[in-house]
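*Asks:* Attaching a single structure in structure tokens format; questions to follow.
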Amino acid sequence: MPELPEVEVLRRSLEPRLVGDRIAGFEVRAPALREPLDPVVFERFTTGRRVEALDRRAKYLLIHLEGGATLVIHLGMSGRLTLVPGDTEVEPHEHLAFRLASGRRLRLRDPRRFGQAFALPTADLAGDRHFAHLGLEPLSPGFDGSVLARLAEGRRGPVKTFLMDARVAVGIGNIYASEALHRAGVHPSRSVARIGWARWEALAQAVIEVLSRAIAEGGTTLNDFADADGQAGYFQVSLAVYDREGEPCPRCGRAIRRTVHANRSTFYCPGCQR
Ligand SMILES: [Zn+2]
């Protein structure tokens with residue numbers, strides 16, 4: 001499943017190639033992905049419009065078009081958004097494609113159909129039901145220890161579950177939550193009610209570092225991400241604890257353990273996470 005770093009790498013890879021081009025038309029080849037694909041909406045908000053910028057909110061790619069419209073794409077579990085020459089053969093699971101004025105095609109393939117694609121006025125983004133409940137963007141200014149501490153006020157429960165709550169912050173998936181907690185030296189089961197300001201700050205910084213490093217690694221190991229073929233192919237990042245049960249902690253050498261929070265595996269070091 002693509003995580004925030006993959007979507008950010010995709011955004012950075014596509015933006016310079018897409019901005020300035022114009023959407024000439026589209027083909028909807030399946031009635032629905034996770035939600036119905038609406039040709040009327042695509043016609044109204046995308047056809048004939050020039051691409052102005054690419055943005056991202058959580059794991060949604062936002063393709064801002066002229067005239068105050070935005071095309072939104074979510075890759076779901078298995079989606080792949082690629083830019084190909086217009087005469088490239090239509091592939092299986094290519095459920096949606098946008099024809100560009102340059103002659104190329106922006107196509108969305110999604111075998112498992114958990115992806116999403118829709119369009120709307122840019123001004124409606126913040127209040128739209130897909131976005132209204134979303135929490136902090138960890139790579140945007142303002143994400144720090146004090147804002148996490150404030151959000152945790154009056155709450156209980158393990159810090160790992162808190163970090164993964166999209167209403168708190170977006171994009172901290174299972175892998176990145178384990179990695180950030182290890183980096184900050186915070187035990188994943190520790191109650192959010194028992195974390196002081198300094199540790200919230202360390203945790204916020206660790207989240208930023210772990211996500212930023214994944215983006216940097218993804219960008220270098222997979223510079224052709226948007227054109228890549230084959231099954232998922234989402235990038236692997238170097239991990240300190242995740243999926244390393246029994247292996248030595250890279251910091252203190254103790255064997256890494258596995259536990260479970262909210263039905264998700266958590267990996268941590270009993271030596272240096274408290
Ligand atoms: Zn350790």
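Residues are referred to by chain and number: the chain letter is A, B, ... according to the order shown in the structure tokens, the number counts from 1 in that chain, and ligands are numbered separately from 1 in the order shown.
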Counting only C-alpha atoms and all ligand atoms, which residues of chain A fall within 7 Å of ligand 1, and what is the closest atom pair for each with its distance in Å at one decimal, ordered by chain and rising number, as a tab-separated table?
*Replies:*
residue	atom	partner	partner_atom_place_in_ligand_line	distance
A:Cys249	CA	ligand 1	1 (Zn)	4.5
A:Pro250	CA	ligand 1	1 (Zn)	6.6
A:Arg251	CA	ligand 1	1 (Zn)	4.9
A:Cys252	CA	ligand 1	1 (Zn)	4.1
A:Gly253	CA	ligand 1	1 (Zn)	5.8
A:Arg254	CA	ligand 1	1 (Zn)	5.6
A:Cys269	CA	ligand 1	1 (Zn)	4.7
A:Pro270	CA	ligand 1	1 (Zn)	6.5
A:Gly271	CA	ligand 1	1 (Zn)	4.7
A:Cys272	CA	ligand 1	1 (Zn)	4.1
A:Gln273	CA	ligand 1	1 (Zn)	6.7
*Asks:* Could you please take those selected residues and save N, CA, C and O atoms as an mmCIF file, in the first residue's frame?
*Replies:*
data_model
loop_
_atom_site.group_PDB
_atom_site.id
_atom_site.type_symbol
_atom_site.label_atom_id
_atom_site.label_comp_id
_atom_site.auth_asym_id
_atom_site.auth_seq_id
_atom_site.Cartn_x
_atom_site.Cartn_y
_atom_site.Cartn_z
ATOM 1 N N CYS A 249 18.851 -4.325 18.279
ATOM 2 C CA CYS A 249 18.553 -2.903 18.088
ATOM 3 C C CYS A 249 19.806 -2.208 17.568
ATOM 4 O O CYS A 249 20.888 -2.392 18.116
ATOM 5 N N PRO A 250 19.684 -1.410 16.513
ATOM 6 C CA PRO A 250 20.865 -0.741 15.957
ATOM 7 C C PRO A 250 21.489 0.265 16.933
ATOM 8 O O PRO A 250 22.645 0.643 16.768
ATOM 9 N N ARG A 251 20.747 0.636 17.968
ATOM 10 C CA ARG A 251 21.298 1.620 18.907
ATOM 11 C C ARG A 251 21.897 0.967 20.145
ATOM 12 O O ARG A 251 22.981 1.324 20.568
ATOM 13 N N CYS A 252 21.187 -0.025 20.741
ATOM 14 C CA CYS A 252 21.677 -0.560 22.015
ATOM 15 C C CYS A 252 21.952 -2.062 21.967
ATOM 16 O O CYS A 252 22.484 -2.620 22.922
ATOM 17 N N GLY A 253 21.575 -2.730 20.897
ATOM 18 C CA GLY A 253 21.912 -4.146 20.759
ATOM 19 C C GLY A 253 20.916 -5.126 21.356
ATOM 20 O O GLY A 253 20.988 -6.322 21.093
ATOM 21 N N ARG A 254 19.960 -4.654 22.160
ATOM 22 C CA ARG A 254 18.951 -5.564 22.703
ATOM 23 C C ARG A 254 18.071 -6.100 21.577
ATOM 24 O O ARG A 254 17.894 -5.462 20.548
ATOM 25 N N CYS A 269 12.205 -1.594 20.830
ATOM 26 C CA CYS A 269 13.356 -2.081 21.574
ATOM 27 C C CYS A 269 13.101 -1.917 23.065
ATOM 28 O O CYS A 269 12.842 -0.796 23.511
ATOM 29 N N PRO A 270 13.159 -3.005 23.837
ATOM 30 C CA PRO A 270 12.905 -2.899 25.273
ATOM 31 C C PRO A 270 14.065 -2.201 26.005
ATOM 32 O O PRO A 270 13.915 -1.809 27.162
ATOM 33 N N GLY A 271 15.174 -2.041 25.315
ATOM 34 C CA GLY A 271 16.325 -1.414 25.972
ATOM 35 C C GLY A 271 16.287 0.101 25.928
ATOM 36 O O GLY A 271 16.507 0.773 26.938
ATOM 37 N N CYS A 272 16.010 0.656 24.782
ATOM 38 C CA CYS A 272 16.123 2.120 24.655
ATOM 39 C C CYS A 272 14.822 2.840 24.397
ATOM 40 O O CYS A 272 14.820 4.036 24.122
ATOM 41 N N GLN A 273 13.683 2.130 24.530
ATOM 42 C CA GLN A 273 12.399 2.836 24.417
ATOM 43 C C GLN A 273 11.665 2.714 25.753
ATOM 44 O O GLN A 273 11.432 1.606 26.227
#
*Asks:* So that I can see what lies close to Val207 in chain A, please list as JSON, numbers by chain the residues with an atom at most 8 Å from it, counting only C-alpha atoms and leaving out residues fewer than 6 positions away in the same chain.
*Replies:* {"A": [138, 172, 176, 177, 180]}
*Asks:* Take the residues just selected and output them with N, CA and C atoms as a PDB file, in the first residue's frame.
*Replies:*
ATOM      1  N   PRO A 138       2.180  16.206   8.903  1.00  0.00           N
ATOM      2  CA  PRO A 138       3.447  16.198   9.655  1.00  0.00           C
ATOM      3  C   PRO A 138       4.598  16.931   8.969  1.00  0.00           C
ATOM      4  N   ILE A 172       1.033   8.918   9.258  1.00  0.00           N
ATOM      5  CA  ILE A 172       1.930   8.158  10.132  1.00  0.00           C
ATOM      6  C   ILE A 172       1.392   6.727  10.184  1.00  0.00           C
ATOM      7  N   TYR A 176       5.862   3.680   9.958  1.00  0.00           N
ATOM      8  CA  TYR A 176       6.481   4.946  10.368  1.00  0.00           C
ATOM      9  C   TYR A 176       6.244   5.254  11.836  1.00  0.00           C
ATOM     10  N   ALA A 177       5.113   4.792  12.388  1.00  0.00           N
ATOM     11  CA  ALA A 177       4.864   4.997  13.817  1.00  0.00           C
ATOM     12  C   ALA A 177       5.897   4.221  14.642  1.00  0.00           C
ATOM     13  N   ALA A 180       9.367   5.956  14.227  1.00  0.00           N
ATOM     14  CA  ALA A 180       9.485   7.258  14.894  1.00  0.00           C
ATOM     15  C   ALA A 180       9.584   7.080  16.407  1.00  0.00           C
TER      16      ALA A 180
END
*Asks:* Tell me, counting only C-alpha atoms, for each residue of range 116-223 of chain A within 6 Å of range 62-74 of chain A, which pair of atoms is nearest and how far apart they are in Å to one decimal, in rows ordered by chain and increasing number, as a Markdown table.
*Replies:*
| residue | atom | partner | partner_atom | distance |
| --- | --- | --- | --- | --- |
| A:Gln116 | CA | A:His74 | CA | 4.9 |
| A:Ala117 | CA | A:Ile73 | CA | 4.5 |
| A:Phe118 | CA | A:Val72 | CA | 5.3 |
| A:Ala119 | CA | A:Leu71 | CA | 4.3 |
| A:Leu120 | CA | A:Thr70 | CA | 5.6 |
| A:Pro121 | CA | A:Ala69 | CA | 4.3 |
| A:Thr122 | CA | A:Ala69 | CA | 4.8 |
*Asks:* Write the residues of the selection above to a file with N, CA and C atoms, as a PDB file, in the first residue's frame.
*Replies:*
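Output contents, as saved in result-v7.pdb:
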ATOM      1  N   GLN A 116      -9.370   6.095  -5.390  1.00  0.00           N
ATOM      2  CA  GLN A 116     -10.451   7.055  -5.552  1.00  0.00           C
ATOM      3  C   GLN A 116     -10.029   8.126  -6.552  1.00  0.00           C
ATOM      4  N   ALA A 117     -10.984   8.657  -7.273  1.00  0.00           N
ATOM      5  CA  ALA A 117     -10.714   9.794  -8.148  1.00  0.00           C
ATOM      6  C   ALA A 117     -11.987  10.615  -8.250  1.00  0.00           C
ATOM      7  N   PHE A 118     -11.839  11.901  -8.008  1.00  0.00           N
ATOM      8  CA  PHE A 118     -12.987  12.802  -8.126  1.00  0.00           C
ATOM      9  C   PHE A 118     -12.454  14.209  -8.340  1.00  0.00           C
ATOM     10  N   ALA A 119     -13.355  15.119  -8.666  1.00  0.00           N
ATOM     11  CA  ALA A 119     -12.944  16.502  -8.900  1.00  0.00           C
ATOM     12  C   ALA A 119     -13.951  17.427  -8.234  1.00  0.00           C
ATOM     13  N   LEU A 120     -13.476  18.596  -7.891  1.00  0.00           N
ATOM     14  CA  LEU A 120     -14.336  19.545  -7.178  1.00  0.00           C
ATOM     15  C   LEU A 120     -13.735  20.945  -7.258  1.00  0.00           C
ATOM     16  N   PRO A 121     -14.510  21.968  -6.896  1.00  0.00           N
ATOM     17  CA  PRO A 121     -13.923  23.309  -6.834  1.00  0.00           C
ATOM     18  C   PRO A 121     -12.835  23.340  -5.754  1.00  0.00           C
ATOM     19  N   THR A 122     -11.712  23.952  -6.061  1.00  0.00           N
ATOM     20  CA  THR A 122     -10.600  23.999  -5.113  1.00  0.00           C
ATOM     21  C   THR A 122     -11.042  24.614  -3.779  1.00  0.00           C
TER      22      THR A 122
END
*Asks:* Just checking: using only C-alpha atoms, which residue out of A:Leu139, A:Leu163, A:Ala184, A:Leu83 ends up closest to Ile215 in chain A?
*Replies:*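 Among the listed residues, A:Leu139 lies closest to Ile215 in chain A.
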*Asks:* Counting only C-alpha atoms, figure out which residue out of A:His182, A:Arg190, A:Arg109, A:Arg57 gets nearest to Glu91 in chain A.
*Replies:* A:Arg109
*Asks:* Report as JSON lines the residues of range 16-105 of chain A within 12 Å of range 2-8 of chain A, each with its shortest atom pair and distance in Å (one decimal), using only C-alpha atoms, ordered by chain and increasing residue number.
*Replies:*
{"residue": "A:Leu54", "atom": "CA", "partner": "A:Glu8", "partner_atom": "CA", "distance": 10.0}
{"residue": "A:Asp55", "atom": "CA", "partner": "A:Glu8", "partner_atom": "CA", "distance": 8.6}
{"residue": "A:Arg56", "atom": "CA", "partner": "A:Glu8", "partner_atom": "CA", "distance": 7.0}
{"residue": "A:Arg57", "atom": "CA", "partner": "A:Leu4", "partner_atom": "CA", "distance": 9.1}
{"residue": "A:Ala58", "atom": "CA", "partner": "A:Leu4", "partner_atom": "CA", "distance": 6.5}
{"residue": "A:Lys59", "atom": "CA", "partner": "A:Leu4", "partner_atom": "CA", "distance": 5.3}
{"residue": "A:Tyr60", "atom": "CA", "partner": "A:Val7", "partner_atom": "CA", "distance": 7.6}
{"residue": "A:Leu61", "atom": "CA", "partner": "A:Val7", "partner_atom": "CA", "distance": 6.9}
{"residue": "A:Leu62", "atom": "CA", "partner": "A:Val7", "partner_atom": "CA", "distance": 10.4}
{"residue": "A:Ile73", "atom": "CA", "partner": "A:Val7", "partner_atom": "CA", "distance": 10.1}
{"residue": "A:His74", "atom": "CA", "partner": "A:Val7", "partner_atom": "CA", "distance": 8.8}
{"residue": "A:Leu75", "atom": "CA", "partner": "A:Pro2", "partner_atom": "CA", "distance": 7.0}
{"residue": "A:Gly76", "atom": "CA", "partner": "A:Pro2", "partner_atom": "CA", "distance": 7.4}
{"residue": "A:Met77", "atom": "CA", "partner": "A:Pro2", "partner_atom": "CA", "distance": 6.8}
{"residue": "A:Ser78", "atom": "CA", "partner": "A:Pro2", "partner_atom": "CA", "distance": 7.5}
{"residue": "A:Gly79", "atom": "CA", "partner": "A:Pro2", "partner_atom": "CA", "distance": 8.1}
{"residue": "A:Arg80", "atom": "CA", "partner": "A:Pro2", "partner_atom": "CA", "distance": 9.2}
{"residue": "A:Leu81", "atom": "CA", "partner": "A:Val7", "partner_atom": "CA", "distance": 10.0}
*Asks:* Limited to N, CA, C and O atoms, could you put the picked residues into a file as a PDB file, in the first residue's frame?
*Replies:*
ATOM      1  N   LEU A  54       0.725  20.703  -8.445  1.00  0.00           N
ATOM      2  CA  LEU A  54       0.382  19.454  -7.780  1.00  0.00           C
ATOM      3  C   LEU A  54       0.648  19.613  -6.292  1.00  0.00           C
ATOM      4  O   LEU A  54       1.697  20.111  -5.882  1.00  0.00           O
ATOM      5  N   ASP A  55      -0.307  19.175  -5.508  1.00  0.00           N
ATOM      6  CA  ASP A  55      -0.216  19.310  -4.069  1.00  0.00           C
ATOM      7  C   ASP A  55      -0.576  17.952  -3.463  1.00  0.00           C
ATOM      8  O   ASP A  55      -0.882  16.997  -4.199  1.00  0.00           O
ATOM      9  N   ARG A  56      -0.537  17.860  -2.145  1.00  0.00           N
ATOM     10  CA  ARG A  56      -0.872  16.611  -1.488  1.00  0.00           C
ATOM     11  C   ARG A  56      -1.517  16.920  -0.151  1.00  0.00           C
ATOM     12  O   ARG A  56      -1.117  17.848   0.538  1.00  0.00           O
ATOM     13  N   ARG A  57      -2.556  16.168   0.194  1.00  0.00           N
ATOM     14  CA  ARG A  57      -3.141  16.242   1.524  1.00  0.00           C
ATOM     15  C   ARG A  57      -3.268  14.809   1.991  1.00  0.00           C
ATOM     16  O   ARG A  57      -3.938  14.006   1.337  1.00  0.00           O
ATOM     17  N   ALA A  58      -2.580  14.471   3.110  1.00  0.00           N
ATOM     18  CA  ALA A  58      -2.506  13.085   3.559  1.00  0.00           C
ATOM     19  C   ALA A  58      -2.017  12.246   2.379  1.00  0.00           C
ATOM     20  O   ALA A  58      -1.004  12.561   1.777  1.00  0.00           O
ATOM     21  N   LYS A  59      -2.762  11.210   1.980  1.00  0.00           N
ATOM     22  CA  LYS A  59      -2.331  10.391   0.848  1.00  0.00           C
ATOM     23  C   LYS A  59      -3.120  10.705  -0.418  1.00  0.00           C
ATOM     24  O   LYS A  59      -3.134   9.931  -1.370  1.00  0.00           O
ATOM     25  N   TYR A  60      -3.790  11.840  -0.426  1.00  0.00           N
ATOM     26  CA  TYR A  60      -4.504  12.285  -1.626  1.00  0.00           C
ATOM     27  C   TYR A  60      -3.588  13.169  -2.463  1.00  0.00           C
ATOM     28  O   TYR A  60      -3.011  14.132  -1.952  1.00  0.00           O
ATOM     29  N   LEU A  61      -3.475  12.854  -3.733  1.00  0.00           N
ATOM     30  CA  LEU A  61      -2.759  13.718  -4.670  1.00  0.00           C
ATOM     31  C   LEU A  61      -3.754  14.743  -5.198  1.00  0.00           C
ATOM     32  O   LEU A  61      -4.845  14.380  -5.652  1.00  0.00           O
ATOM     33  N   LEU A  62      -3.383  16.011  -5.120  1.00  0.00           N
ATOM     34  CA  LEU A  62      -4.278  17.089  -5.559  1.00  0.00           C
ATOM     35  C   LEU A  62      -3.698  17.725  -6.809  1.00  0.00           C
ATOM     36  O   LEU A  62      -2.620  18.309  -6.771  1.00  0.00           O
ATOM     37  N   ILE A  73      -6.782  12.373  -6.570  1.00  0.00           N
ATOM     38  CA  ILE A  73      -6.549  10.947  -6.808  1.00  0.00           C
ATOM     39  C   ILE A  73      -5.942  10.313  -5.576  1.00  0.00           C
ATOM     40  O   ILE A  73      -4.992  10.841  -4.990  1.00  0.00           O
ATOM     41  N   HIS A  74      -6.519   9.180  -5.182  1.00  0.00           N
ATOM     42  CA  HIS A  74      -5.989   8.397  -4.065  1.00  0.00           C
ATOM     43  C   HIS A  74      -5.664   7.006  -4.607  1.00  0.00           C
ATOM     44  O   HIS A  74      -6.477   6.415  -5.315  1.00  0.00           O
ATOM     45  N   LEU A  75      -4.485   6.499  -4.279  1.00  0.00           N
ATOM     46  CA  LEU A  75      -4.066   5.232  -4.876  1.00  0.00           C
ATOM     47  C   LEU A  75      -4.598   3.996  -4.162  1.00  0.00           C
ATOM     48  O   LEU A  75      -4.396   2.871  -4.632  1.00  0.00           O
ATOM     49  N   GLY A  76      -5.263   4.183  -3.042  1.00  0.00           N
ATOM     50  CA  GLY A  76      -5.845   3.036  -2.347  1.00  0.00           C
ATOM     51  C   GLY A  76      -4.796   2.022  -1.941  1.00  0.00           C
ATOM     52  O   GLY A  76      -3.754   2.376  -1.406  1.00  0.00           O
ATOM     53  N   MET A  77      -5.065   0.733  -2.230  1.00  0.00           N
ATOM     54  CA  MET A  77      -4.141  -0.339  -1.861  1.00  0.00           C
ATOM     55  C   MET A  77      -3.134  -0.636  -2.962  1.00  0.00           C
ATOM     56  O   MET A  77      -2.017  -1.075  -2.699  1.00  0.00           O
ATOM     57  N   SER A  78      -3.555  -0.488  -4.195  1.00  0.00           N
ATOM     58  CA  SER A  78      -2.741  -1.013  -5.289  1.00  0.00           C
ATOM     59  C   SER A  78      -2.696  -0.079  -6.494  1.00  0.00           C
ATOM     60  O   SER A  78      -2.278  -0.475  -7.558  1.00  0.00           O
ATOM     61  N   GLY A  79      -3.136   1.151  -6.321  1.00  0.00           N
ATOM     62  CA  GLY A  79      -3.213   2.066  -7.460  1.00  0.00           C
ATOM     63  C   GLY A  79      -1.847   2.500  -7.956  1.00  0.00           C
ATOM     64  O   GLY A  79      -0.876   2.543  -7.203  1.00  0.00           O
ATOM     65  N   ARG A  80      -1.804   2.818  -9.231  1.00  0.00           N
ATOM     66  CA  ARG A  80      -0.573   3.311  -9.836  1.00  0.00           C
ATOM     67  C   ARG A  80      -0.950   4.356 -10.875  1.00  0.00           C
ATOM     68  O   ARG A  80      -1.727   4.103 -11.776  1.00  0.00           O
ATOM     69  N   LEU A  81      -0.388   5.532 -10.689  1.00  0.00           N
ATOM     70  CA  LEU A  81      -0.698   6.642 -11.588  1.00  0.00           C
ATOM     71  C   LEU A  81       0.523   6.886 -12.456  1.00  0.00           C
ATOM     72  O   LEU A  81       1.599   7.172 -11.942  1.00  0.00           O
TER      73      LEU A  81
END
*Asks:* Need to verify the contact set: range 153-156 of chain A, 8 Å, only C-alpha atoms, exclusion of same-chain residues closer than 2 positions in sequence. Can you return it as a ChimeraX atom specification?
*Replies:* /A:149-151,158,191-193
*Asks:* Mind dumping the selected residues with C-alpha atoms as a PDB file, in the first residue's frame?
*Replies:*
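The resulting file, out-v5.pdb, is shown below:
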ATOM      1  CA  ALA A 149       0.757  17.616  23.551  1.00  0.00           C
ATOM      2  CA  ARG A 150      -2.323  19.790  23.194  1.00  0.00           C
ATOM      3  CA  LEU A 151      -4.128  17.182  21.091  1.00  0.00           C
ATOM      4  CA  PRO A 158      -0.940   3.972  23.912  1.00  0.00           C
ATOM      5  CA  SER A 191       0.035   6.242  27.731  1.00  0.00           C
ATOM      6  CA  VAL A 192      -0.279   9.636  26.077  1.00  0.00           C
ATOM      7  CA  ALA A 193      -1.223  10.929  29.520  1.00  0.00           C
TER       8      ALA A 193
END
*Asks:* So, with only C-alpha atoms as the atoms that count, which of A:Ile195, A:Ile208, A:Val260, A:Leu37 lies closest to Asn174 in chain A?
*Replies:* A:Val260
*Asks:* Name all residues at most 6 Å from Phe98 in chain A (count only C-alpha atoms; drop same-chain ones fewer than 3 positions away) and give them as a ChimeraX atom specification.
*Replies:* /A:25-26,105-106
*Asks:* Residues at most 9 Å from Ser189 in chain A, counting only C-alpha atoms, excluding those fewer than 4 positions away in the same chain, as a ChimeraX atom specification?
*Replies:* /A:157-161,261,274
